[in-house]
$ cat start-v5.txt   # compact mmCIF, C-alpha atoms
# COMPACT_ATOMS: atom_id res chain seq x y z
CA MET R 1 261.47 -140.73 163.42
CA SER R 2 264.89 -140.84 161.78
CA GLU R 3 263.54 -139.09 158.70
CA ALA R 4 262.09 -136.32 160.82
CA ASN R 5 265.43 -135.93 162.58
CA LEU R 6 267.15 -135.79 159.21
CA ILE R 7 264.80 -133.00 158.13
CA LEU R 8 265.52 -131.16 161.38
CA ASP R 9 269.27 -131.50 160.76
CA TYR R 10 268.92 -130.06 157.27
CA ALA R 11 266.71 -127.24 158.56
CA VAL R 12 269.23 -126.40 161.29
CA ASP R 13 272.15 -126.33 158.84
CA LEU R 14 270.22 -124.21 156.35
CA SER R 15 269.08 -121.78 159.04
CA LEU R 16 272.67 -121.42 160.28
CA TRP R 17 273.61 -120.32 156.75
CA ILE R 18 270.66 -117.93 156.59
CA LEU R 19 271.56 -116.46 159.97
CA SER R 20 275.17 -115.99 158.90
CA LEU R 21 273.96 -114.15 155.81
CA SER R 22 271.72 -111.93 157.91
CA PHE R 23 274.64 -111.26 160.28
CA LEU R 24 276.72 -110.06 157.34
CA VAL R 25 273.91 -107.92 155.91
CA THR R 26 273.41 -106.27 159.30
CA LEU R 27 277.15 -105.69 159.53
CA ILE R 28 276.99 -103.70 156.30
CA ARG R 29 274.55 -101.35 157.98
CA VAL R 30 276.84 -101.02 161.02
CA ILE R 31 279.71 -100.03 158.75
CA ARG R 32 277.73 -97.73 156.44
CA GLY R 33 276.00 -95.85 159.21
CA PRO R 34 275.43 -93.05 158.28
CA THR R 35 274.54 -91.78 161.78
CA LEU R 36 275.16 -93.11 165.26
CA PRO R 37 271.52 -94.15 165.93
CA ASP R 38 271.62 -96.22 162.75
CA ARG R 39 274.67 -98.05 164.02
CA VAL R 40 273.15 -98.59 167.46
CA LEU R 41 270.01 -99.99 165.85
CA ALA R 42 272.11 -102.34 163.72
CA LEU R 43 274.08 -103.47 166.79
CA ASP R 44 270.76 -104.18 168.54
CA MET R 45 269.76 -106.26 165.55
CA LEU R 46 273.12 -108.09 165.70
CA VAL R 47 272.32 -109.07 169.28
CA ALA R 48 268.94 -110.42 168.18
CA VAL R 49 270.57 -112.46 165.40
CA ALA R 50 273.19 -113.73 167.85
CA ILE R 51 270.43 -114.91 170.18
CA GLY R 52 268.89 -116.76 167.25
CA PHE R 53 272.29 -118.29 166.51
CA ILE R 54 272.63 -119.49 170.10
CA ALA R 55 269.15 -121.05 170.01
CA VAL R 56 269.90 -122.89 166.75
CA ILE R 57 273.26 -124.14 168.05
CA GLY R 58 271.45 -125.27 171.18
CA ILE R 59 269.19 -127.39 168.96
CA LYS R 60 272.14 -128.70 166.94
CA THR R 61 274.29 -129.74 169.90
CA GLY R 62 271.55 -130.60 172.37
CA TYR R 63 273.08 -128.41 175.10
CA VAL R 64 270.02 -126.80 176.66
CA LEU R 65 272.28 -124.62 178.82
CA TYR R 66 272.44 -122.30 175.80
CA VAL R 67 269.00 -120.95 176.70
CA ASP R 68 270.45 -119.22 179.75
CA ILE R 69 273.21 -117.70 177.66
CA ALA R 70 270.63 -116.43 175.17
CA ILE R 71 268.61 -114.78 177.94
CA ALA R 72 271.72 -113.21 179.47
CA LEU R 73 272.78 -111.91 176.05
CA GLY R 74 269.32 -110.45 175.52
CA LEU R 75 269.58 -108.63 178.85
CA VAL R 76 273.01 -107.25 177.99
CA GLY R 77 271.81 -106.17 174.55
CA PHE R 78 268.82 -104.37 176.02
CA LEU R 79 270.95 -102.55 178.57
CA THR R 80 273.47 -101.61 175.88
CA THR R 81 270.78 -100.08 173.71
CA VAL R 82 269.36 -98.15 176.66
CA ALA R 83 272.83 -96.87 177.56
CA PHE R 84 273.47 -95.86 173.95
CA ALA R 85 270.15 -94.03 173.82
CA ARG R 86 271.16 -92.05 176.92
CA PHE R 87 274.51 -91.35 175.32
CA ILE R 88 272.91 -90.10 172.10
CA LEU R 89 270.62 -87.89 174.14
CA THR R 90 273.44 -86.28 176.12
CA ARG R 91 275.94 -86.03 173.29
CA GLY R 92 273.72 -84.40 170.70
CA LYS R 93 274.63 -84.23 167.06
CA THR R 94 278.24 -84.28 165.99
CA GLU R 95 279.73 -82.28 163.18
CA ASP R 96 279.99 -85.44 161.11
CA ASP R 97 276.22 -85.81 161.23
CA LEU R 98 275.67 -82.21 160.20
CA LEU R 99 278.10 -82.64 157.31
CA GLU R 100 276.33 -85.82 156.24
CA GLU R 101 272.95 -84.08 156.29
CA HIS R 102 274.35 -81.21 154.28
CA ASN R 103 275.72 -83.63 151.68
CA GLN R 104 272.40 -85.45 151.51
CA ALA R 105 270.53 -82.18 150.96
CA GLU R 106 272.95 -81.29 148.18
CA ARG R 107 272.41 -84.65 146.53
CA LEU R 108 268.63 -84.23 146.75
CA LYS R 109 268.85 -80.80 145.23
CA ASN R 110 270.83 -82.13 142.30
CA ARG R 111 268.76 -85.22 141.68
CA PRO R 112 265.32 -84.18 140.30
CA PRO R 113 266.36 -83.05 136.78
CA ARG R 114 267.88 -86.44 136.04
CA HIS R 115 264.62 -88.33 136.65
CA ALA R 116 261.22 -88.45 135.05
CA PRO R 117 259.04 -85.38 135.79
CA ALA R 118 256.51 -87.27 137.95
CA ARG R 119 259.18 -88.57 140.29
CA GLY R 120 260.93 -85.23 140.44
CA ASP R 121 257.66 -83.61 141.45
CA LYS R 122 257.18 -86.11 144.26
CA GLN R 123 260.63 -85.51 145.63
CA GLY R 124 260.16 -81.79 145.56
CA GLU R 125 257.11 -82.34 147.74
CA GLY R 126 259.18 -84.48 150.08
CA ALA R 127 261.82 -81.81 150.41
CA ALA R 128 259.10 -79.30 151.26
CA THR R 129 257.85 -81.49 154.11
CA ALA R 130 261.38 -81.90 155.39
CA GLU R 131 261.71 -78.12 155.53
CA ARG R 132 258.54 -77.80 157.55
CA PRO R 133 259.93 -78.35 161.06
CA SER R 134 262.00 -75.19 160.81
CA ALA R 135 258.94 -73.21 159.79
CA SER R 136 256.52 -74.62 162.36
CA PRO R 137 257.49 -73.04 165.73
CA PRO R 138 255.77 -69.67 165.05
CA THR R 139 252.42 -71.34 164.35
CA SER R 140 252.67 -73.53 167.43
CA SER R 141 253.55 -70.63 169.72
CA ASP R 142 250.39 -68.81 168.58
CA ALA R 143 248.18 -71.70 169.62
CA SER R 144 249.82 -72.65 172.89
CA ALA R 145 248.46 -76.22 173.12
CA PRO R 146 247.75 -77.52 169.62
CA THR R 147 245.64 -80.64 169.71
CA SER R 148 246.20 -83.35 167.18
CA SER R 149 243.13 -82.59 165.12
CA ASP R 150 244.20 -78.96 164.82
CA ALA R 151 247.61 -80.08 163.73
CA THR R 152 246.19 -82.21 160.95
CA LYS R 153 243.98 -79.42 159.71
CA GLU R 154 246.83 -76.95 159.70
CA ARG R 155 249.04 -79.19 157.61
CA PRO R 156 246.96 -80.93 155.02
CA MET Q 1 243.65 -110.70 193.23
CA SER Q 2 242.81 -112.88 196.24
CA LEU Q 3 240.91 -115.16 193.93
CA PHE Q 4 244.06 -115.57 191.89
CA LEU Q 5 245.85 -116.57 195.10
CA VAL Q 6 243.13 -119.12 195.86
CA ASN Q 7 243.55 -120.43 192.33
CA VAL Q 8 247.32 -120.87 192.80
CA LEU Q 9 246.81 -122.52 196.20
CA LEU Q 10 244.33 -124.96 194.69
CA ALA Q 11 246.85 -125.78 191.96
CA LEU Q 12 249.51 -126.43 194.61
CA ALA Q 13 247.05 -128.62 196.51
CA TRP Q 14 246.40 -130.59 193.33
CA SER Q 15 250.14 -131.13 192.86
CA ALA Q 16 250.55 -132.17 196.49
CA VAL Q 17 247.69 -134.64 196.31
CA THR Q 18 248.90 -136.21 193.07
CA GLY Q 19 252.50 -136.08 194.30
CA VAL Q 20 253.97 -134.69 191.07
CA PHE Q 21 255.41 -131.18 191.15
CA SER Q 22 256.21 -130.90 187.45
CA PHE Q 23 255.41 -127.85 185.36
CA GLY Q 24 252.75 -129.67 183.35
CA ASN Q 25 251.00 -130.98 186.42
CA LEU Q 26 251.00 -127.55 188.06
CA ALA Q 27 249.53 -126.01 184.92
CA PHE Q 28 246.90 -128.73 184.76
CA GLY Q 29 246.09 -128.12 188.42
CA PHE Q 30 245.76 -124.42 187.70
CA VAL Q 31 243.29 -125.04 184.88
CA LEU Q 32 241.40 -127.51 187.07
CA ALA Q 33 241.23 -125.02 189.95
CA MET Q 34 239.96 -122.42 187.53
CA GLY Q 35 237.19 -124.79 186.49
CA VAL Q 36 236.28 -125.41 190.12
CA LEU Q 37 236.19 -121.69 190.87
CA SER Q 38 234.03 -121.09 187.82
CA LEU Q 39 231.53 -123.63 189.16
CA ILE Q 40 231.04 -121.62 192.36
CA ARG Q 41 231.44 -118.17 190.81
CA GLU Q 42 227.98 -117.03 191.91
CA GLN Q 43 228.68 -117.89 195.56
CA VAL Q 44 232.18 -116.45 195.98
CA GLY Q 45 231.60 -113.43 193.75
CA SER Q 46 234.25 -114.32 191.22
CA VAL Q 47 232.25 -113.39 188.14
CA GLY Q 48 234.49 -110.36 187.58
CA TYR Q 49 237.59 -112.52 187.90
CA PHE Q 50 236.54 -114.79 185.05
CA SER Q 51 235.33 -112.14 182.68
CA ARG Q 52 238.56 -110.21 183.32
CA THR Q 53 240.64 -113.34 182.70
CA ARG Q 54 238.79 -113.89 179.46
CA ARG Q 55 239.43 -110.29 178.39
CA VAL Q 56 243.13 -110.45 179.27
CA VAL Q 57 243.43 -113.66 177.29
CA SER Q 58 241.64 -112.13 174.33
CA LEU Q 59 243.98 -109.11 174.52
CA ALA Q 60 246.99 -111.46 174.51
CA LEU Q 61 245.61 -113.42 171.54
CA LEU Q 62 244.92 -110.24 169.59
CA PHE Q 63 248.46 -109.10 170.37
CA ILE Q 64 250.07 -112.32 169.12
CA TYR Q 65 247.95 -112.27 165.96
CA GLU Q 66 248.88 -108.65 165.24
CA LEU Q 67 252.55 -109.35 165.94
CA ILE Q 68 252.70 -112.14 163.38
CA LEU Q 69 250.73 -110.02 160.91
CA SER Q 70 253.11 -107.10 161.40
CA ALA Q 71 256.24 -109.19 160.91
CA TRP Q 72 254.65 -110.57 157.75
CA ARG Q 73 253.82 -107.08 156.45
CA VAL Q 74 257.38 -105.90 157.11
CA ALA Q 75 258.66 -108.95 155.24
CA ILE Q 76 256.41 -108.21 152.25
CA LEU Q 77 257.42 -104.55 152.29
CA VAL Q 78 261.13 -105.28 152.52
CA LEU Q 79 261.15 -107.94 149.83
CA SER Q 80 259.05 -106.03 147.32
CA PRO Q 81 261.32 -104.78 144.55
CA ARG Q 82 260.02 -101.18 144.55
CA MET Q 83 259.59 -99.69 147.97
CA ASP Q 84 256.90 -97.06 147.80
CA LEU Q 85 256.43 -95.86 151.35
CA LYS Q 86 255.20 -92.66 152.88
CA PRO Q 87 256.55 -92.62 156.43
CA GLY Q 88 255.61 -89.95 158.91
CA ILE Q 89 254.85 -89.15 162.54
CA PHE Q 90 251.30 -88.46 163.67
CA ALA Q 91 249.88 -87.51 167.06
CA TYR Q 92 247.52 -89.90 168.80
CA PRO Q 93 245.31 -88.52 171.61
CA LEU Q 94 245.37 -90.99 174.49
CA LYS Q 95 242.23 -92.05 176.29
CA VAL Q 96 244.03 -94.28 178.82
CA ASP Q 97 245.75 -92.26 181.53
CA ARG Q 98 247.51 -94.62 183.93
CA ASP Q 99 251.25 -95.15 183.44
CA PHE Q 100 250.90 -98.90 183.19
CA GLU Q 101 248.25 -98.68 180.50
CA ILE Q 102 250.17 -96.11 178.49
CA THR Q 103 253.27 -98.33 178.62
CA LEU Q 104 251.28 -101.34 177.50
CA LEU Q 105 249.62 -99.43 174.68
CA ALA Q 106 252.94 -97.96 173.51
CA ASN Q 107 254.57 -101.40 173.52
CA MET Q 108 251.70 -102.92 171.59
CA ILE Q 109 251.69 -100.11 169.05
CA THR Q 110 255.38 -100.70 168.46
CA LEU Q 111 254.88 -104.39 167.80
CA THR Q 112 251.90 -104.06 165.49
CA PRO Q 113 251.72 -103.46 161.74
CA GLY Q 114 253.31 -100.33 160.41
CA THR Q 115 253.39 -98.27 163.60
CA LEU Q 116 256.09 -97.42 166.14
CA SER Q 117 255.60 -95.23 169.18
CA VAL Q 118 258.23 -92.51 169.39
CA ASP Q 119 257.33 -90.30 172.33
CA VAL Q 120 254.69 -89.35 174.88
CA SER Q 121 253.98 -85.69 175.46
CA ASP Q 122 254.83 -84.29 178.90
CA ASP Q 123 251.20 -84.06 180.00
CA ARG Q 124 250.67 -87.73 178.96
CA ARG Q 125 247.76 -86.94 176.71
CA ILE Q 126 249.35 -87.40 173.30
CA LEU Q 127 251.32 -90.33 171.97
CA PHE Q 128 253.50 -89.66 168.96
CA VAL Q 129 253.45 -92.60 166.57
CA HIS Q 130 255.69 -93.17 163.58
CA ALA Q 131 253.86 -94.95 160.80
CA ILE Q 132 255.45 -96.52 157.77
CA ASP Q 133 252.42 -95.41 155.77
CA ALA Q 134 251.22 -92.10 157.18
CA SER Q 135 249.07 -91.09 154.23
CA THR Q 136 245.82 -91.84 156.10
CA PRO Q 137 246.49 -91.04 159.79
CA ASP Q 138 242.80 -90.82 160.72
CA GLN Q 139 242.26 -94.41 159.64
CA THR Q 140 245.26 -95.58 161.69
CA ARG Q 141 244.08 -93.59 164.74
CA ARG Q 142 240.67 -95.21 164.52
CA ASP Q 143 242.26 -98.67 164.24
CA ILE Q 144 244.30 -98.15 167.41
CA ALA Q 145 241.39 -96.66 169.34
CA GLU Q 146 238.97 -99.43 168.41
CA GLY Q 147 241.52 -102.24 168.67
CA PHE Q 148 244.10 -102.12 171.41
CA GLU Q 149 243.00 -99.13 173.45
CA ARG Q 150 239.44 -100.43 173.81
CA LYS Q 151 240.70 -103.91 174.72
CA ILE Q 152 243.15 -102.53 177.28
CA MET Q 153 240.41 -100.45 178.89
CA GLU Q 154 238.14 -103.50 178.96
CA ALA Q 155 240.80 -105.70 180.49
CA PHE Q 156 242.23 -103.45 183.18
CA ARG Q 157 239.40 -101.39 184.60
CA MET T 1 253.86 -137.27 168.39
CA THR T 2 257.62 -136.79 168.55
CA ILE T 3 257.79 -136.81 164.74
CA ALA T 4 255.25 -134.00 164.58
CA LEU T 5 257.12 -132.02 167.23
CA THR T 6 260.44 -132.49 165.44
CA LEU T 7 258.94 -131.32 162.15
CA LEU T 8 257.31 -128.38 163.92
CA SER T 9 260.60 -127.30 165.45
CA ALA T 10 262.30 -127.68 162.04
CA ALA T 11 259.66 -125.40 160.51
CA PHE T 12 260.06 -122.85 163.32
CA VAL T 13 263.84 -122.85 162.90
CA LEU T 14 263.56 -122.13 159.18
CA ILE T 15 260.82 -119.49 159.52
CA GLY T 16 262.65 -117.76 162.37
CA ALA T 17 265.90 -117.62 160.43
CA LEU T 18 264.07 -116.24 157.39
CA PHE T 19 262.45 -113.51 159.51
CA ALA T 20 265.87 -112.57 160.89
CA LEU T 21 267.18 -112.35 157.32
CA VAL T 22 264.20 -110.21 156.28
CA ALA T 23 264.82 -107.89 159.24
CA SER T 24 268.45 -107.38 158.30
CA ILE T 25 267.58 -106.81 154.63
CA GLY T 26 265.04 -104.25 155.81
CA LEU T 27 267.72 -102.61 157.91
CA LEU T 28 269.79 -102.27 154.76
CA ARG T 29 267.11 -101.24 152.29
CA LEU T 30 264.73 -98.93 154.15
CA PRO T 31 265.43 -95.23 153.62
CA ASP T 32 265.59 -93.61 157.07
CA LEU T 33 266.30 -94.42 160.71
CA TYR T 34 262.69 -94.55 161.86
CA SER T 35 261.59 -96.88 159.06
CA ARG T 36 264.52 -99.16 159.80
CA MET T 37 263.34 -99.41 163.38
CA HIS T 38 260.14 -101.02 162.12
CA ALA T 39 262.12 -103.82 160.51
CA ALA T 40 264.46 -104.37 163.45
CA SER T 41 261.86 -104.21 166.21
CA LYS T 42 259.21 -106.39 164.54
CA ALA T 43 260.77 -108.92 162.21
CA GLY T 44 263.88 -109.18 164.40
CA THR T 45 261.88 -109.92 167.54
CA VAL T 46 259.67 -112.45 165.80
CA GLY T 47 262.75 -114.11 164.28
CA SER T 48 264.70 -114.66 167.48
CA GLY T 49 261.48 -115.47 169.36
CA LEU T 50 260.60 -118.22 166.87
CA LEU T 51 264.12 -119.68 167.15
CA LEU T 52 263.84 -119.79 170.94
CA ILE T 53 260.41 -121.44 170.70
CA ALA T 54 261.91 -124.01 168.33
CA LEU T 55 264.58 -124.74 170.95
CA ALA T 56 261.87 -125.13 173.60
CA ILE T 57 259.93 -127.57 171.42
CA HIS T 58 263.04 -129.55 170.59
CA ALA T 59 264.26 -129.82 174.19
CA GLY T 60 260.90 -131.02 175.47
CA GLU T 61 261.85 -130.58 179.13
CA ALA T 62 259.65 -128.44 181.34
CA GLY T 63 262.52 -126.39 182.79
CA VAL T 64 264.00 -125.57 179.41
CA MET T 65 260.58 -124.77 177.99
CA ALA T 66 259.81 -122.41 180.86
CA ARG T 67 263.13 -120.62 180.45
CA ALA T 68 262.82 -120.33 176.68
CA LEU T 69 259.28 -118.96 176.96
CA ALA T 70 260.44 -116.54 179.65
CA GLY T 71 263.14 -115.43 177.24
CA VAL T 72 260.59 -114.90 174.46
CA ILE T 73 258.35 -112.83 176.74
CA PHE T 74 261.39 -110.88 177.89
CA PHE T 75 262.27 -110.01 174.28
CA LEU T 76 258.68 -109.07 173.50
CA LEU T 77 258.78 -106.65 176.44
CA THR T 78 262.22 -105.17 175.87
CA ALA T 79 262.40 -104.85 172.07
CA PRO T 80 259.72 -102.12 171.84
CA ILE T 81 261.20 -100.30 174.83
CA SER T 82 264.68 -100.13 173.33
CA ALA T 83 263.28 -99.09 169.94
CA HIS T 84 261.16 -96.44 171.63
CA LEU T 85 264.10 -95.09 173.67
CA LEU T 86 266.35 -94.96 170.64
CA ALA T 87 263.70 -93.23 168.52
CA LYS T 88 262.98 -90.73 171.27
CA ALA T 89 266.66 -89.94 171.82
CA ALA T 90 267.33 -89.63 168.11
CA TYR T 91 264.34 -87.36 167.60
CA ALA T 92 265.11 -85.18 170.63
CA VAL T 93 268.67 -84.66 169.45
CA GLY T 94 267.42 -83.62 166.03
CA TYR T 95 267.72 -86.49 163.60
CA ARG T 96 264.70 -85.76 161.43
CA LEU T 97 262.63 -87.98 159.15
CA GLY T 98 263.97 -88.84 155.74
CA PRO T 99 263.11 -86.93 152.58
CA THR T 100 260.24 -89.30 151.72
CA ALA T 101 258.29 -88.42 154.89
CA VAL T 102 254.78 -87.09 154.32
CA ARG T 103 253.99 -85.61 157.73
CA ASP T 104 255.61 -84.79 161.06
CA GLU T 105 253.16 -83.70 163.73
CA MET T 106 255.77 -83.99 166.46
CA ALA T 107 258.09 -81.29 165.18
CA SER T 108 256.50 -78.30 166.95
CA THR T 109 256.16 -80.00 170.35
CA VAL T 110 259.67 -81.35 170.51
CA GLU T 111 261.33 -78.10 169.58
CA GLU T 112 259.56 -76.41 172.49
CA GLN T 113 260.71 -79.17 174.85
CA THR T 114 264.29 -79.51 173.76
CA SER T 115 265.06 -75.81 173.55
CA GLY T 116 264.75 -75.68 177.31
CA SER T 117 266.20 -79.00 178.38
CA ILE T 118 269.31 -79.44 176.26
$ encode --input "start-v5.txt" --output "structure tokens"
Amino acid sequence: MSEANLILDYAVDLSLWILSLSFLVTLIRVIRGPTLPDRVLALDMLVAVAIGFIAVIGIKTGYVLYVDIAIALGLVGFLTTVAFARFILTRGKTEDDLLEEHNQAERLKNRPPRHAPARGDKQGEGAATAERPSASPPTSSDASAPTSSDATKERP
Amino acid sequence: MSLFLVNVLLALAWSAVTGVFSFGNLAFGFVLAMGVLSLIREQVGSVGYFSRTRRVVSLALLFIYELILSAWRVAILVLSPRMDLKPGIFAYPLKVDRDFEITLLANMITLTPGTLSVDVSDDRRILFVHAIDASTPDQTRRDIAEGFERKIMEAFR
Amino acid sequence: MTIALTLLSAAFVLIGALFALVASIGLLRLPDLYSRMHAASKAGTVGSGLLLIALAIHAGEAGVMARALAGVIFFLLTAPISAHLLAKAAYAVGYRLGPTAVRDEMASTVEEQTSGSI
């Protein structure tokens, strides 16, 4: 019995360290962005990690009241993400996002020559697929209701 | 649904008779009442109730299994030193048409390996799914249709 | 019996914490927003769910167990919904897939929708 409790104590301490590490790693994503949805996703993940934290501390201290706090925090986190999604929808893209995308496209354009030919080829293909959305509306307006199978055949 | 009510009432009766209203005793009473109802299923016409319960339970078990599998796959993918992924969005033609079923299917798709539902078309006939490996969308479509969608249709209609 | 339950809850605590760590590493390493959502919505949910289940096992009281399980079910229901809403909003506004994407069958439909509504 006491040995099992000792193992549980070690496991709880170790998992608190692991959770702290994961908190920090998620924080890096919040800071780096690059776009608002990325940050919102990372904040959502922070809430999930915080709930895990609360559960582990509940085990460590024996206060079962922490379960209620965890559930309340989960509710708040869910509502926050929903509110942020609404906000993203109404706000649209900012100029920062457009600038970031432009920079990324520039970087992609410059990259292929520096790598091996096979990889460069693959990335060229990727860039072509990324271009596709801008080219697609004419084809879709011809066929007014494209079914999925048509869509796959059109874009092999 | 009335049979479910009878089941709950029988569980309450069991708790009242034994005099213990704890969670475990109520659950035991529920299982016991279910056994009793299954004994007289021919007489009270509860055959559908039991086969539906079994199908709902099998859907739930499949869901838990797939959830664990998907978390494991994500772990493998994330920890592998060279990430070689081909993400993409593909369209999935829905066979289920009720709001509740579409919601359930979309939720399950999100929590299963490699797929994440992004949007439903306005006419509710197409579900757009983001897959972490979209190189073989037909295979993934067949998996969803023969796995979750079939089970949902079995369980709820 | 109690020894087995204690060991089980210790194992759940460790596995749950490791899944949370994997989810956050995935958030950092994966290339674009939609791929990151996979990591956050799956591994993150399983991680915090396992930790709550460990708490339920450790407490051993019926009330705490019921609340912890209710919390787990609540997360299982809400995590996909928030991921779905975020993905939908991001896509509708125009954040596209990353450069590694191989297909995008949604592009035509959404541009028809959003040109009218926004």
$ interface_residues --input "start-v5.txt" --of "chain Q" --to "chain R" --cutoff "7 Å" --atoms "all atoms listed in the file" --output "NGL selection string"
:Q and (91-93)
$ atom_distance --input "start-v5.txt" --atom1 "CA of Val64 (chain R)" --atom2 "CA of Leu52 (chain T)"
11.0 Å
$ atom_distance --input "start-v5.txt" --atom1 "CA of Ile68 (chain Q)" --atom2 "CA of Val30 (chain R)"
26.7 Å
$ closest_residue --input "start-v5.txt" --among "R:Val76, R:Ile57, R:Leu19, R:Ile69" --to "chain T" --atoms "all atoms listed in the file"
R:Leu19
$ residues_near_point --input "start-v5.txt" --point "(270.5, -106.0, 159.5)" --cutoff "10 Å" --atoms "only C-alpha atoms" --output "mmCIF file with C-alpha atoms, in the coordinates of the input"
data_model
loop_
_atom_site.group_PDB
_atom_site.id
_atom_site.type_symbol
_atom_site.label_atom_id
_atom_site.label_comp_id
_atom_site.auth_asym_id
_atom_site.auth_seq_id
_atom_site.Cartn_x
_atom_site.Cartn_y
_atom_site.Cartn_z
ATOM 1 C CA LEU R 21 273.960 -114.150 155.810
ATOM 2 C CA SER R 22 271.720 -111.930 157.910
ATOM 3 C CA PHE R 23 274.640 -111.260 160.280
ATOM 4 C CA LEU R 24 276.720 -110.060 157.340
ATOM 5 C CA VAL R 25 273.910 -107.920 155.910
ATOM 6 C CA THR R 26 273.410 -106.270 159.300
ATOM 7 C CA LEU R 27 277.150 -105.690 159.530
ATOM 8 C CA ILE R 28 276.990 -103.700 156.300
ATOM 9 C CA ARG R 29 274.550 -101.350 157.980
ATOM 10 C CA VAL R 30 276.840 -101.020 161.020
ATOM 11 C CA LEU R 41 270.010 -99.990 165.850
ATOM 12 C CA ALA R 42 272.110 -102.340 163.720
ATOM 13 C CA LEU R 43 274.080 -103.470 166.790
ATOM 14 C CA ASP R 44 270.760 -104.180 168.540
ATOM 15 C CA MET R 45 269.760 -106.260 165.550
ATOM 16 C CA LEU R 46 273.120 -108.090 165.700
ATOM 17 C CA ALA R 48 268.940 -110.420 168.180
ATOM 18 C CA VAL R 49 270.570 -112.460 165.400
ATOM 19 C CA ALA T 20 265.870 -112.570 160.890
ATOM 20 C CA LEU T 21 267.180 -112.350 157.320
ATOM 21 C CA VAL T 22 264.200 -110.210 156.280
ATOM 22 C CA ALA T 23 264.820 -107.890 159.240
ATOM 23 C CA SER T 24 268.450 -107.380 158.300
ATOM 24 C CA ILE T 25 267.580 -106.810 154.630
ATOM 25 C CA GLY T 26 265.040 -104.250 155.810
ATOM 26 C CA LEU T 27 267.720 -102.610 157.910
ATOM 27 C CA LEU T 28 269.790 -102.270 154.760
ATOM 28 C CA ARG T 29 267.110 -101.240 152.290
ATOM 29 C CA ARG T 36 264.520 -99.160 159.800
ATOM 30 C CA ALA T 39 262.120 -103.820 160.510
ATOM 31 C CA ALA T 40 264.460 -104.370 163.450
ATOM 32 C CA GLY T 44 263.880 -109.180 164.400
#
$ residues_around --input "start-v5.txt" --residues "Arg86 (chain R)" --least-positions-apart "6" --cutoff "12 Å" --atoms "only C-alpha atoms" --output "list of chain:residue names"
R:Pro37, R:Val40, R:Leu79, R:Thr80, R:Gly92, T:Ser82, T:Leu85, T:Leu86, T:Ala87, T:Lys88, T:Ala89, T:Ala90, T:Ala92, T:Val93
$ closest_residue --input "start-v5.txt" --among "Q:Glu154, Q:Asp138, Q:Asp122, Q:Glu149" --to "chain T" --atoms "only C-alpha atoms"
Q:Asp122
$ atom_distance --input "start-v5.txt" --atom1 "CA of Ser70 (chain Q)" --atom2 "CA of Arg142 (chain Q)"
17.5 Å
$ interface_residues --input "start-v5.txt" --of "chain Q" --to "chain T" --cutoff "7 Å" --atoms "all atoms listed in the file" --output "ChimeraX atom specification"
/Q:23,70-71,74-75,78,86-91,107,110-111,116-119,128,132,134-135
$ residues_near_point --input "start-v5.txt" --point "(272.5, -119.8, 173.6)" --cutoff "8 Å" --atoms "all atoms listed in the file" --output "ChimeraX atom specification"
/R:51-58,65-71
$ axis_aligned_box --input "start-v5.txt" --around "region 90-94 of chain T" --padding-each-side "6 Å" --output "lines of an AutoDock Vina configuration file"
center_x = 266.5
center_y = -86.6
center_z = 168.3
size_x = 16.3
size_y = 18.0
size_z = 16.6
$ closest_residue --input "start-v5.txt" --among "R:Pro34, R:Leu8, R:Arg91, R:Leu73" --to "chain T" --atoms "only C-alpha atoms"
R:Leu8
$ closest_residue --input "start-v5.txt" --among "R:Ser15, R:Arg32, R:Glu100, R:Ala105" --to "chain T" --atoms "only C-alpha atoms"
R:Ser15
$ build_atoms --input "start-v5.txt" --residues "region 44-49 of chain T" --atoms "N, CA, C and O atoms" --output "compact mmCIF listing (two decimals), in the coordinates of the input"
# COMPACT_ATOMS: atom_id res chain seq x y z
N GLY T 44 262.78 -108.66 163.60
CA GLY T 44 263.88 -109.18 164.40
C GLY T 44 263.38 -109.91 165.64
O GLY T 44 263.82 -111.02 165.95
N THR T 45 262.42 -109.29 166.34
CA THR T 45 261.88 -109.92 167.54
C THR T 45 261.20 -111.24 167.21
O THR T 45 261.42 -112.25 167.89
N VAL T 46 260.38 -111.22 166.16
CA VAL T 46 259.67 -112.45 165.80
C VAL T 46 260.67 -113.54 165.41
O VAL T 46 260.52 -114.70 165.78
N GLY T 47 261.75 -113.13 164.69
CA GLY T 47 262.75 -114.11 164.28
C GLY T 47 263.41 -114.80 165.45
O GLY T 47 263.36 -116.03 165.58
N SER T 48 263.99 -114.01 166.38
CA SER T 48 264.70 -114.66 167.48
C SER T 48 263.71 -115.36 168.42
O SER T 48 264.03 -116.40 168.99
N GLY T 49 262.49 -114.80 168.55
CA GLY T 49 261.48 -115.47 169.36
C GLY T 49 261.13 -116.84 168.82
O GLY T 49 261.05 -117.82 169.56
